[in-house]
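Shown next: final-v6.cif, given as mmCIF, C-alpha atoms.
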data_structure
#
loop_
_atom_site.label_atom_id
_atom_site.label_comp_id
_atom_site.auth_asym_id
_atom_site.auth_seq_id
_atom_site.Cartn_x
_atom_site.Cartn_y
_atom_site.Cartn_z
CA MET X 27 -93.11 81.11 95.43
CA LYS X 28 -96.24 83.26 95.69
CA GLY X 29 -98.04 80.37 97.41
CA ILE X 30 -95.28 80.08 100.01
CA LEU X 31 -95.46 83.82 100.76
CA ILE X 32 -99.24 83.60 101.18
CA LEU X 33 -98.85 80.60 103.49
CA LEU X 34 -96.21 82.39 105.58
CA SER X 35 -98.42 85.50 105.78
CA LEU X 36 -101.35 83.42 107.00
CA ILE X 37 -99.18 81.71 109.60
CA CYS X 38 -97.89 85.08 110.89
CA LEU X 39 -101.41 86.51 110.98
CA GLY X 40 -102.49 83.46 112.94
CA MET X 41 -99.76 84.12 115.50
CA VAL X 42 -101.17 87.57 116.23
CA GLN X 43 -104.82 86.54 116.14
CA ALA X 44 -104.29 83.04 117.50
CA ASP X 45 -107.43 81.42 118.85
CA LYS X 46 -106.58 80.95 122.49
CA ARG X 47 -109.78 79.35 123.59
CA GLN X 48 -107.80 76.47 125.02
CA PHE X 49 -107.85 78.49 128.26
CA TYR X 50 -111.65 78.52 128.47
CA GLU X 51 -114.64 76.98 126.75
CA LEU X 52 -117.20 79.21 125.09
CA LYS X 53 -120.90 78.54 124.54
CA GLY X 54 -122.61 81.64 123.18
CA GLN X 55 -121.50 84.30 125.64
CA GLU X 56 -121.14 81.87 128.54
CA ILE X 57 -117.73 80.54 129.49
CA LYS X 58 -116.32 77.63 131.41
CA PRO X 59 -113.13 79.14 132.87
CA PRO X 60 -109.87 77.31 133.52
CA MET X 61 -109.49 75.42 136.77
CA THR X 62 -107.42 76.89 139.62
CA GLN X 63 -104.40 74.64 139.10
CA ASP X 64 -104.31 75.70 135.43
CA TYR X 65 -104.47 79.49 135.72
CA ARG X 66 -102.17 79.56 138.75
CA ALA X 67 -99.45 78.16 136.49
CA TRP X 68 -99.67 81.39 134.46
CA GLU X 69 -97.53 84.40 135.31
CA MET X 70 -98.86 86.54 138.14
CA VAL X 71 -98.82 89.99 136.55
CA GLY X 72 -100.11 91.99 139.49
CA ARG X 73 -100.90 91.96 143.18
CA SER X 74 -102.37 94.51 145.53
CA VAL X 75 -104.35 94.93 148.73
CA VAL X 76 -107.57 96.93 148.73
CA HIS X 77 -108.52 97.42 152.34
CA ASP X 78 -112.16 98.19 153.08
CA LEU X 79 -111.39 100.16 156.27
CA GLU X 80 -109.19 102.59 154.34
CA ASN X 81 -112.05 103.12 151.90
CA LEU X 82 -114.72 103.88 154.52
CA ASN X 83 -116.16 100.39 153.90
CA ARG X 84 -116.95 101.30 150.29
CA ALA X 85 -114.19 99.46 148.43
CA ILE X 86 -115.51 97.75 145.32
CA PHE X 87 -113.49 94.54 145.71
CA PRO X 88 -111.84 94.61 149.15
CA GLY X 89 -109.14 92.04 149.79
CA ILE X 90 -105.87 90.72 148.41
CA HIS X 91 -105.82 90.87 144.61
CA LEU X 92 -103.70 88.38 142.66
CA ILE X 93 -103.86 88.83 138.88
CA TYR X 94 -102.92 86.21 136.28
CA GLN X 95 -102.85 86.43 132.48
CA ASP X 96 -102.68 83.55 130.06
CA PRO X 97 -99.15 83.05 128.69
CA ILE X 98 -99.92 83.37 124.98
CA SER X 99 -101.67 86.73 125.14
CA LEU X 100 -99.17 88.01 127.71
CA ARG X 101 -96.29 87.27 125.33
CA ILE X 102 -98.13 89.06 122.50
CA PHE X 103 -98.90 92.02 124.76
CA ARG X 104 -95.28 92.35 125.88
CA ASP X 105 -93.97 92.04 122.31
CA GLN X 106 -96.58 94.12 120.47
CA GLY X 107 -98.44 96.14 123.10
CA LEU X 108 -101.88 94.76 122.28
CA TYR X 109 -104.36 92.31 123.75
CA PRO X 110 -105.33 89.76 121.08
CA ASP X 111 -108.61 87.91 120.89
CA GLY X 112 -108.56 85.09 123.42
CA THR X 113 -106.83 87.14 126.13
CA THR X 114 -107.82 85.71 129.51
CA ILE X 115 -107.14 87.68 132.70
CA ILE X 116 -108.15 86.30 136.09
CA MET X 117 -108.07 88.26 139.34
CA GLU X 118 -108.42 86.38 142.60
CA VAL X 119 -109.91 88.53 145.37
CA TRP X 120 -109.16 87.06 148.80
CA PRO X 121 -111.35 88.43 151.64
CA LEU X 122 -109.39 89.58 154.70
CA SER X 123 -109.88 89.18 158.41
CA ARG X 124 -107.85 90.66 161.25
CA THR X 125 -106.19 88.08 163.50
CA GLU X 126 -103.69 88.20 166.32
CA ALA X 127 -100.74 86.05 165.30
CA GLU X 128 -97.40 85.35 166.96
CA SER X 129 -95.90 88.29 165.09
CA GLY X 130 -98.71 90.65 166.10
CA PHE X 131 -102.05 91.69 164.66
CA ALA X 132 -102.25 91.00 160.95
CA TRP X 133 -104.70 90.64 158.09
CA PHE X 134 -105.06 87.16 156.58
CA PRO X 135 -107.20 85.64 153.84
CA ASN X 136 -110.26 84.16 155.55
CA SER X 137 -111.89 82.03 152.84
CA SER X 138 -111.50 80.96 149.25
CA PRO X 139 -111.25 83.78 146.74
CA GLU X 140 -113.78 85.24 144.39
CA LEU X 141 -112.65 85.21 140.76
CA LEU X 142 -113.09 88.15 138.42
CA ILE X 143 -112.48 87.01 134.85
CA GLN X 144 -111.93 89.27 131.86
CA ILE X 145 -111.89 87.78 128.34
CA LYS X 146 -111.35 89.51 125.01
CA ASP X 147 -112.86 88.08 121.86
CA ARG X 148 -114.10 90.59 119.28
CA ARG X 149 -115.64 87.77 117.24
CA VAL X 150 -118.06 87.02 120.09
CA PHE X 151 -118.43 90.06 122.34
CA SER X 152 -119.64 93.48 121.17
CA GLY X 153 -117.87 96.81 121.55
CA ASP X 154 -114.15 96.46 122.18
CA GLY X 155 -114.58 92.69 122.53
CA TRP X 156 -114.26 92.36 126.31
CA SER X 157 -116.59 90.36 128.54
CA TYR X 158 -116.53 90.05 132.33
CA TYR X 159 -117.40 87.18 134.67
CA ARG X 160 -117.56 86.73 138.44
CA VAL X 161 -117.66 83.52 140.49
CA ALA X 162 -116.52 82.11 143.83
CA GLN X 163 -113.56 79.79 143.32
CA ARG X 164 -115.15 77.06 145.44
CA ASP X 165 -118.08 76.98 142.98
CA LEU X 166 -115.69 76.13 140.14
CA GLU X 167 -113.87 73.29 141.84
CA GLY X 168 -116.72 70.86 141.21
CA GLY X 169 -116.09 71.41 137.50
CA ASN X 170 -118.60 71.83 134.72
CA LYS X 171 -119.50 75.39 135.80
CA TRP X 172 -120.74 77.68 133.04
CA LEU X 173 -120.69 81.40 133.79
CA SER X 174 -122.90 84.10 132.33
CA ALA X 175 -121.34 87.45 131.54
CA GLN X 176 -121.82 90.29 133.99
CA PRO X 177 -124.17 92.95 132.65
CA GLY X 178 -122.19 95.30 130.43
CA SER X 179 -122.69 98.32 132.62
CA ALA X 180 -121.52 96.51 135.77
CA CYS X 181 -117.88 96.07 134.79
CA GLN X 182 -117.37 97.42 131.30
CA SER X 183 -118.36 101.01 132.02
CA CYS X 184 -115.65 101.37 134.68
CA HIS X 185 -113.01 99.53 132.64
CA ALA X 186 -113.79 101.52 129.49
CA ALA X 187 -113.74 104.87 131.31
CA SER X 188 -110.81 104.40 133.70
CA ALA X 189 -108.45 101.62 132.61
CA SER X 190 -105.10 102.73 131.23
CA GLN X 191 -105.10 100.58 128.07
CA ASP X 192 -107.78 98.59 126.25
CA GLN X 193 -109.96 98.15 129.36
CA VAL X 194 -107.06 96.80 131.45
CA PHE X 195 -105.81 98.60 134.59
CA LEU X 196 -102.12 98.01 133.94
CA ASN X 197 -101.08 101.39 135.30
CA TYR X 198 -101.15 99.91 138.83
CA TYR X 199 -99.10 96.80 138.08
CA PRO X 200 -95.48 97.26 136.94
CA LEU X 201 -94.96 93.50 136.46
CA TRP X 202 -97.39 93.69 133.55
CA GLY X 203 -95.13 96.07 131.67
CA ARG X 204 -93.74 95.45 128.25
CA ASN X 205 -90.18 94.17 127.98
#
What would you get if you wrote out this structure as C-alpha cells?
Amino acid sequence: MKGILILLSLICLGMVQADKRQFYELKGQEIKPPMTQDYRAWEMVGRSVVHDLENLNRAIFPGIHLIYQDPISLRIFRDQGLYPDGTTIIMEVWPLSRTEAESGFAWFPNSSPELLIQIKDRRVFSGDGWSYYRVAQRDLEGGNKWLSAQPGSACQSCHAASASQDQVFLNYYPLWGRN
C-alpha cells in the first residue's frame, strides 16, 4: 500500500513539473523552437497592436502582437496559477505598413513576423528560470535553427521589473486569465 501511495505521489508531482521539452529542443542554453505550424495550433492567449507612430517612433516592438502558449503549461497555469518548467510562450510581432485598400486607408502586416520566445526551465536557466529568444520566422522555416538566448539584461530586466506575474505580462491579455 505504501508503495502505491509513493507511486501516485510521484505521478502527481510529475504532472505539475512535467518535462515539456517536446515543444522545443534544448542544447545547453540554446533552443530549437517549434515550427510555425506547431505553435499556431496552440491557444492564442493574447493579441494587441503597438503602433510606432503613437509612441513617437520609440515603441520597443511595434506591430501586431499574437501570443501563443503551449497547451500543457497553459492548462497548469489556468488550474494552479503557476508557470511550470517547460512553459513556452511565443509572441509573433508582425510589422505594419499603411496601405489604401477598398475600405479606406488601413494598416496591414507587410512581411513575415519576428518571433519573441520565452521559456521557463529552472533546471537550466538561472534566476527565476526564464530565458528569452528572438528570431525572424522566415529564418526558422528552413529548419535546424538553433537560437542563443538574448542577453539577460535585454529582456529579463524589463520582464522582472514590470510583468504582472512571474515575468509574464498577463495584465494586458484577458484571454490568458485563469478559469
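Separating CA of Phe49 (chain X) from CA of Phe87 (chain X) is a distance of 24.4 Å.
Minimum atom-to-atom distances from X:Ser123, X:Gln193, X:Gln176, X:Ser188 to Leu79 (chain X) were compared using all atoms listed in the file, and the lowest value belongs to X:Ser123.
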From (-111.0, 91.7, 126.1), in the file's coordinates, out to 12 Å: which residues are reached, counting all atoms listed in the file? Answer as a PyMOL selection string. chain X and resi 95+99+108-116+143-159+181-182+185-186+191-194
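Reported to one decimal place, the separation of CA of Ala127 (chain X) from CA of Val75 (chain X) is 19.1 Å.
If all atoms listed in the file are the atoms counted, then among X:Ile102, X:Leu201, X:Val76, X:Met117 the closest residue to Gln163 (chain X) is X:Met117.
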A straight line from CA of Trp133 (chain X) to CA of Leu82 (chain X) spans 17.0 Å
Counting all atoms listed in the file, closest pick from X:Glu69, X:Asp165, X:Asp96, X:Glu126 relative to Pro139 (chain X) is X:Asp165
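Nearest-residue note for Thr62 (chain X): choosing from X:Thr125, X:Asn197, X:Ala187, X:Glu118, the minimum distance belongs to X:Glu118, counting all atoms listed in the file.
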Q. What residues come out when you apply the PyMOL selection byres ((chain X and resi 57) around 9) to this file, written as a PyMOL selection string?
A. chain X and resi 50-56+58-59+159+171-175
Can you write out the residues you just picked, keeping C-alpha atoms, as a compact mmCIF listing (two decimals), keeping the file's coordinate frame?
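Ended up saving to part.txt:
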# COMPACT_ATOMS: atom_id res chain seq x y z
CA TYR X 50 -111.65 78.52 128.47
CA GLU X 51 -114.64 76.98 126.75
CA LEU X 52 -117.20 79.21 125.09
CA LYS X 53 -120.90 78.54 124.54
CA GLY X 54 -122.61 81.64 123.18
CA GLN X 55 -121.50 84.30 125.64
CA GLU X 56 -121.14 81.87 128.54
CA LYS X 58 -116.32 77.63 131.41
CA PRO X 59 -113.13 79.14 132.87
CA TYR X 159 -117.40 87.18 134.67
CA LYS X 171 -119.50 75.39 135.80
CA TRP X 172 -120.74 77.68 133.04
CA LEU X 173 -120.69 81.40 133.79
CA SER X 174 -122.90 84.10 132.33
CA ALA X 175 -121.34 87.45 131.54
Region 154-161 of chain X: axis-aligned bounding box, 5 Å on each side, centre and edge lengths in Å, one decimal, as JSON:
{"center_x": -115.9, "center_y": 90.0, "center_z": 131.3, "size_x": 13.5, "size_y": 22.9, "size_z": 28.3}
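Applied to the shown file, the PyMOL selection byres ((chain X and resi 136) around 12) selects the residues Gly89, Ile90, Val119, Trp120, Pro121, Leu122, Ser123, Arg124, Thr125, Ala132, Trp133, Phe134, Pro135, Ser137, Ser138, Pro139 and Glu140 of chain X.
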Evaluating the PyMOL selection byres ((chain X and resi 200) around 12) on the displayed file yields which residues, as a PyMOL selection string? chain X and resi 70-74+195-199+201-205
